[in-house]
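**Q** Just start33.csv, nothing more (CSV, C-alpha atoms and all ligand atoms):
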```csv
chain,number,residue,atom,x,y,z
N,1,MET,CA,117.0,112.6,138.6
N,2,SER,CA,117.9,113.0,134.9
N,3,VAL,CA,120.5,110.7,133.5
N,4,HIS,CA,122.9,113.6,133.2
N,5,PHE,CA,122.9,114.0,136.9
N,6,SER,CA,122.7,110.4,137.8
N,7,SER,CA,125.6,108.3,138.8
N,8,ASN,CA,125.1,106.5,135.4
N,9,SER,CA,126.2,109.6,133.5
N,10,ASN,CA,129.8,109.9,132.1
N,11,GLU,CA,130.3,113.6,132.7
N,12,TRP,CA,131.3,114.0,136.3
N,13,ALA,CA,134.3,116.3,135.8
N,14,THR,CA,136.8,116.6,138.7
N,15,PRO,CA,136.8,120.0,140.4
N,16,GLN,CA,140.0,121.9,139.5
N,17,ASP,CA,141.0,122.5,143.2
N,18,LEU,CA,140.8,118.8,144.0
N,19,TYR,CA,142.8,117.9,140.9
N,20,ASN,CA,145.5,120.6,141.8
N,21,LYS,CA,146.0,119.1,145.2
N,22,LEU,CA,146.5,115.6,143.8
N,23,ASP,CA,148.7,117.0,141.0
N,24,SER,CA,151.0,118.6,143.6
N,25,ARG,CA,151.6,115.2,145.1
N,26,PHE,CA,151.6,113.0,141.9
N,27,HIS,CA,152.7,115.3,139.0
N,28,PHE,CA,150.4,113.9,136.4
N,29,THR,CA,151.2,113.7,132.7
N,30,LEU,CA,148.1,112.1,131.2
N,31,ASP,CA,144.3,112.3,131.5
N,32,PRO,CA,143.2,109.3,129.4
N,33,CYS,CA,139.4,110.0,129.5
N,34,CYS,CA,137.9,113.4,129.1
N,35,THR,CA,136.6,116.0,126.7
N,36,LYS,CA,138.7,118.8,125.4
N,37,THR,CA,137.1,121.1,128.0
N,38,SER,CA,137.4,118.7,131.0
N,39,ALA,CA,141.0,117.6,130.2
N,40,LYS,CA,143.2,117.9,133.3
N,41,CYS,CA,146.6,117.4,131.6
N,42,LYS,CA,148.3,118.7,128.4
N,43,LYS,CA,148.3,115.1,127.2
N,44,PHE,CA,144.8,113.7,127.0
N,45,PHE,CA,142.5,111.3,125.2
N,46,THR,CA,138.9,111.8,124.4
N,47,ILE,CA,136.3,109.3,123.4
N,48,LYS,CA,137.3,109.8,119.8
N,49,ASP,CA,140.9,108.8,120.5
N,50,ASP,CA,139.7,106.0,122.8
N,51,GLY,CA,142.0,106.2,125.8
N,52,LEU,CA,141.4,102.5,126.6
N,53,SER,CA,143.2,101.5,123.4
N,54,LYS,CA,146.3,103.6,124.1
N,55,ASP,CA,149.6,102.9,125.9
N,56,TRP,CA,149.9,104.6,129.3
N,57,SER,CA,153.0,102.8,130.4
N,58,ASN,CA,155.4,105.8,130.6
N,59,GLU,CA,152.8,108.1,132.2
N,60,ARG,CA,151.6,109.4,135.5
N,61,VAL,CA,147.9,109.1,135.0
N,62,PHE,CA,145.0,110.9,136.6
N,63,LEU,CA,141.9,108.7,135.9
N,64,ASN,CA,138.3,109.7,136.6
N,65,PRO,CA,136.7,107.0,134.4
N,66,PRO,CA,133.3,107.2,132.7
N,67,TYR,CA,130.5,106.3,135.1
N,68,SER,CA,128.1,104.6,132.8
N,69,ARG,CA,127.2,101.0,133.4
N,70,GLY,CA,130.0,98.5,132.5
N,71,GLN,CA,132.6,101.2,132.0
N,72,GLN,CA,134.3,101.5,135.3
N,73,GLU,CA,135.6,97.9,135.5
N,74,LYS,CA,137.2,98.2,132.0
N,75,TRP,CA,139.1,101.3,133.1
N,76,ILE,CA,140.2,100.0,136.4
N,77,GLU,CA,141.4,96.8,134.8
N,78,LYS,CA,143.3,98.9,132.3
N,79,ALA,CA,144.8,101.1,135.1
N,80,TYR,CA,146.0,98.0,136.9
N,81,LEU,CA,147.5,96.4,133.8
N,82,GLU,CA,149.2,99.6,132.7
N,83,SER,CA,150.7,100.0,136.2
N,84,LEU,CA,152.3,96.6,135.8
N,85,LYS,CA,154.0,98.1,132.6
N,86,GLY,CA,155.3,101.1,134.5
N,87,ALA,CA,152.5,103.6,134.8
N,88,LEU,CA,151.5,105.3,138.0
N,89,VAL,CA,147.7,105.5,138.0
N,90,VAL,CA,145.6,107.4,140.5
N,91,CYS,CA,141.9,106.5,140.0
N,92,LEU,CA,139.1,108.7,141.4
N,93,ILE,CA,136.1,106.3,141.6
N,94,PRO,CA,132.9,105.8,143.6
N,95,ALA,CA,133.7,104.0,146.8
N,96,ARG,CA,131.5,101.1,145.9
N,97,THR,CA,133.3,98.4,147.8
N,98,GLU,CA,130.6,95.8,147.1
N,99,VAL,CA,131.2,95.6,143.3
N,100,LYS,CA,133.2,92.7,142.0
N,101,PHE,CA,135.9,94.8,140.3
N,102,PHE,CA,136.6,96.6,143.5
N,103,TYR,CA,137.6,93.4,145.1
N,104,ASP,CA,139.3,92.1,141.9
N,105,TYR,CA,141.5,95.1,141.3
N,106,CYS,CA,141.5,97.6,144.1
N,107,THR,CA,142.8,95.1,146.5
N,108,LYS,CA,146.0,95.0,144.3
N,109,ALA,CA,146.5,98.8,144.7
N,110,SER,CA,149.3,100.2,146.7
N,111,GLU,CA,147.1,102.7,148.4
N,112,ILE,CA,143.4,103.6,148.8
N,113,ILE,CA,142.2,106.9,150.2
N,114,PHE,CA,138.5,107.0,151.1
N,115,ILE,CA,137.3,110.6,150.8
N,116,VAL,CA,135.4,111.9,153.8
N,117,GLY,CA,132.3,113.8,152.7
N,118,ARG,CA,131.2,114.0,149.1
N,119,ILE,CA,132.8,115.7,146.1
N,120,LYS,CA,131.0,118.5,144.2
N,121,PHE,CA,131.8,117.4,140.7
N,122,VAL,CA,131.7,119.9,137.8
N,123,ARG,CA,129.2,120.0,134.9
N,124,GLU,CA,129.4,122.7,132.2
N,125,ASN,CA,131.9,124.6,134.4
N,126,ILE,CA,129.5,124.7,137.4
N,127,LYS,CA,130.1,122.8,140.6
N,128,ILE,CA,127.0,120.8,141.2
N,129,ALA,CA,125.6,119.7,144.5
N,130,CYS,CA,127.3,116.8,146.2
N,131,ALA,CA,127.6,113.6,144.2
N,132,PRO,CA,125.0,111.0,145.1
N,133,PHE,CA,127.9,108.6,145.9
N,134,PRO,CA,131.0,108.6,148.1
N,135,SER,CA,134.4,108.6,146.3
N,136,CYS,CA,137.8,107.2,146.9
N,137,LEU,CA,141.3,107.3,145.3
N,138,VAL,CA,142.8,104.1,144.3
N,139,ILE,CA,146.5,104.3,143.5
N,140,PHE,CA,148.3,101.7,141.4
N,141,ASP,CA,152.1,102.2,141.3
N,142,GLY,CA,153.1,99.0,139.6
N,143,ASN,CA,153.8,97.0,142.7
N,144,ASP,CA,151.7,93.9,142.2
N,145,LYS,CA,151.5,93.3,145.9
N,146,SER,CA,148.5,93.3,148.2
N,147,LEU,CA,147.3,96.7,149.4
N,148,LEU,CA,149.8,98.5,151.5
N,149,LYS,CA,147.9,101.5,152.9
N,150,VAL,CA,144.3,102.5,153.5
N,151,SER,CA,143.3,105.9,154.9
N,152,TRP,CA,140.4,108.3,155.2
N,153,LYS,CA,140.9,111.9,154.3
N,154,LYS,CA,138.9,115.1,154.0
N,155,GLN,CA,139.3,116.8,150.6
N,156,ILE,CA,141.0,119.7,152.4
N,157,ASP,CA,143.7,117.3,153.7
N,158,LEU,CA,144.5,115.5,150.4
H,1,LIG,C1,134.0,111.3,134.6
H,1,LIG,S1,134.5,112.1,133.1
H,1,LIG,C2,136.1,112.7,133.6
H,1,LIG,C3,136.6,113.9,132.8
H,1,LIG,C4,138.0,114.5,133.3
H,1,LIG,N1,139.0,113.5,133.1
H,1,LIG,C5,137.9,114.9,134.7
H,1,LIG,O1,138.4,114.2,135.6
H,1,LIG,O2,137.4,116.1,134.9
H,1,LIG,C6,134.9,110.8,132.0
H,1,LIG,C7,135.1,111.2,130.6
H,1,LIG,O3,135.5,110.1,129.8
H,1,LIG,C8,135.2,110.3,128.5
H,1,LIG,N2,135.2,109.0,127.8
H,1,LIG,C9,134.3,108.0,127.7
H,1,LIG,N3,134.8,107.0,127.0
H,1,LIG,C10,136.1,107.3,126.6
H,1,LIG,C11,137.1,106.7,125.9
H,1,LIG,N4,136.9,105.4,125.4
H,1,LIG,N5,138.3,107.3,125.7
H,1,LIG,C12,138.5,108.5,126.2
H,1,LIG,N6,137.5,109.2,126.9
H,1,LIG,C13,136.4,108.6,127.1
H,1,LIG,C14,133.8,110.9,128.6
H,1,LIG,O4,133.4,111.6,127.5
H,1,LIG,C15,133.9,111.7,129.9
H,1,LIG,O5,134.2,113.1,129.5
```
So, in terms of structure tokens, how does the structure I just supplied come out?
**A**
Amino acid sequence: MSVHFSSNSNEWATPQDLYNKLDSRFHFTLDPCCTKTSAKCKKFFTIKDDGLSKDWSNERVFLNPPYSRGQQEKWIEKAYLESLKGALVVCLIPARTEVKFFYDYCTKASEIIFIVGRIKFVRENIKIACAPFPSCLVIFDGNDKSLLKVSWKKQIDL
């Protein structure tokens, strides 16, 4: 598998139909990591802006963080910290429950939804075959409590 199609590539864009479903529940205002073409919100940050260095505290954030090694934990930590300042952050990440940051941060989320089946992410405007990893949604809403709700949903039921 080439690096572009491996789980270590950054460019796994969210399919628009999946994003639309989530947006109808959460009403997002910011995509903090994207390219100009993959941006999901009017307000967005690209690698040039460095979304990690920005303030998200007044935003409703849709976060599909870069997948390359070492990146995910930085973005999930940022999601958690910004939620404590007032942001709502919905993270779409691989359901790798064995990694340390999953335990460190995702257990502080208000909700986790494990997605049944695999997502067909988008590359160069084409939906590719199913991702080689399962995904989940981790929702930080600023309540620094232990996890309130865990569920499993098909994409169609999100
Ligand atoms: C998995 S893609 C998600 C794209 C889009 N948000 C979506 O869901 O379709 C992650 C994106 O983060 C971008 N990225 C990497 N580092 C970044 C940074 N420091 N600030 C903003 N964007 C960054 C990458 O270029 C890549 O396009």
**Q** Set out as a Markdown table a contact list for chain N and ligand LIG 1 (chain H) with a cut-off of 7 Å, giving each residue of chain N that qualifies its closest atom pair and distance in Å to one decimal, counting all atoms listed in the file, ordered by chain and rising residue number.
**A**
```
| residue | atom | partner | partner_atom | distance |
| --- | --- | --- | --- | --- |
| N:Asn10 | CA | H:LIG1 | C15 | 5.0 |
| N:Glu11 | CA | H:LIG1 | S1 | 4.5 |
| N:Trp12 | CA | H:LIG1 | C1 | 4.2 |
| N:Ala13 | CA | H:LIG1 | O2 | 3.2 |
| N:Thr14 | CA | H:LIG1 | O2 | 3.9 |
| N:Pro15 | CA | H:LIG1 | O2 | 6.8 |
| N:Asp31 | CA | H:LIG1 | N1 | 5.7 |
| N:Pro32 | CA | H:LIG1 | C12 | 5.7 |
| N:Cys33 | CA | H:LIG1 | N6 | 3.3 |
| N:Cys34 | CA | H:LIG1 | O5 | 3.7 |
| N:Thr35 | CA | H:LIG1 | O5 | 4.7 |
| N:Ser38 | CA | H:LIG1 | O2 | 4.7 |
| N:Ala39 | CA | H:LIG1 | C4 | 5.3 |
| N:Lys40 | CA | H:LIG1 | N1 | 6.1 |
| N:Phe45 | CA | H:LIG1 | C12 | 5.0 |
| N:Thr46 | CA | H:LIG1 | C12 | 3.8 |
| N:Ile47 | CA | H:LIG1 | N5 | 3.6 |
| N:Lys48 | CA | H:LIG1 | N5 | 6.5 |
| N:Asp49 | CA | H:LIG1 | N5 | 6.0 |
| N:Asp50 | CA | H:LIG1 | N5 | 3.5 |
| N:Gly51 | CA | H:LIG1 | N5 | 3.9 |
| N:Leu52 | CA | H:LIG1 | N4 | 5.5 |
| N:Leu63 | CA | H:LIG1 | N1 | 6.3 |
| N:Asn64 | CA | H:LIG1 | O1 | 4.6 |
| N:Pro65 | CA | H:LIG1 | C6 | 4.8 |
| N:Pro66 | CA | H:LIG1 | C6 | 4.0 |
| N:Tyr67 | CA | H:LIG1 | C1 | 6.1 |
```
**Q** Have a look at N:Cys106, N:Ile76, N:Val90, N:Val122 and name the one nearest to Leu137 of chain N; count only C-alpha atoms.
**A** N:Val90
**Q** Looking at all atoms listed in the file, which of N:Arg123, N:Leu148, N:Asn58, N:Thr97 is the one that sits closest to Ser135 of chain N?
**A**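 Looking at the shortest contact to Ser135 of chain N, the residue is N:Thr97.
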**Q** Using all atoms listed in the file, can you tell me which of N:Arg60, N:Lys120, N:Lys108, N:Lys153 comes closest to Glu77 of chain N?
**A**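 For Glu77 of chain N, the nearest of the candidates is N:Lys108.
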**Q** Looking at all atoms listed in the file, which of N:Leu88, N:Val61, N:Ile126, N:Val99 is the one that sits closest to Glu73 of chain N?
**A**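 Selected residue with least distance to Glu73 of chain N: N:Val99.
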**Q** Please report the interatomic distance between atom CA of Lys149 of chain N and atom CA of Ser57 of chain N in Å with one decimal.
**A**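 Distance between the two atoms: 23.1 Å.
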**Q** In Å to one decimal, how far is atom CA of Asp157 of chain N from atom CA of Arg25 of chain N?
**A**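 That distance, rounded to one decimal, is 11.9 Å.
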**Q** Name the residues within 8 Å of (134.6, 107.8, 144.2), counting all atoms listed in the file in the file's coordinates, and put them as a VMD selection string.
**A** chain N and resid 92 to 96 114 to 115 133 to 137
**Q** Here's a test: counting only C-alpha atoms, identify every protein, DNA and RNA residue with an atom at most 9 Å from (152.3, 100.0, 134.5) in the file's coordinate frame, and state them as a compact mmCIF listing (two decimals) with C-alpha atoms, keeping the file's coordinate frame.
**A**
```txt
# COMPACT_ATOMS: atom_id res chain seq x y z
CA TRP N 56 149.90 104.60 129.30
CA SER N 57 153.00 102.80 130.40
CA ASN N 58 155.40 105.80 130.60
CA GLU N 59 152.80 108.10 132.20
CA ALA N 79 144.80 101.10 135.10
CA TYR N 80 146.00 98.00 136.90
CA LEU N 81 147.50 96.40 133.80
CA GLU N 82 149.20 99.60 132.70
CA SER N 83 150.70 100.00 136.20
CA LEU N 84 152.30 96.60 135.80
CA LYS N 85 154.00 98.10 132.60
CA GLY N 86 155.30 101.10 134.50
CA ALA N 87 152.50 103.60 134.80
CA LEU N 88 151.50 105.30 138.00
CA VAL N 89 147.70 105.50 138.00
CA PHE N 140 148.30 101.70 141.40
CA ASP N 141 152.10 102.20 141.30
CA GLY N 142 153.10 99.00 139.60
CA ASN N 143 153.80 97.00 142.70
```
**Q** Go through N:Val138, N:Ile119, N:Leu30, N:Ala131 one by one, measure the shortest atom-to-atom distance of each to Tyr105 of chain N using all atoms listed in the file, and give the residue with the smallest value.
**A**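 Between N:Val138, N:Ile119, N:Leu30, N:Ala131, the residue approaching Tyr105 of chain N most closely is N:Val138.
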**Q** Quick check, in Å to one decimal: how far apart do atom CA of Gly70 of chain N and atom CA of Phe102 of chain N lie?
**A** 13.0 Å
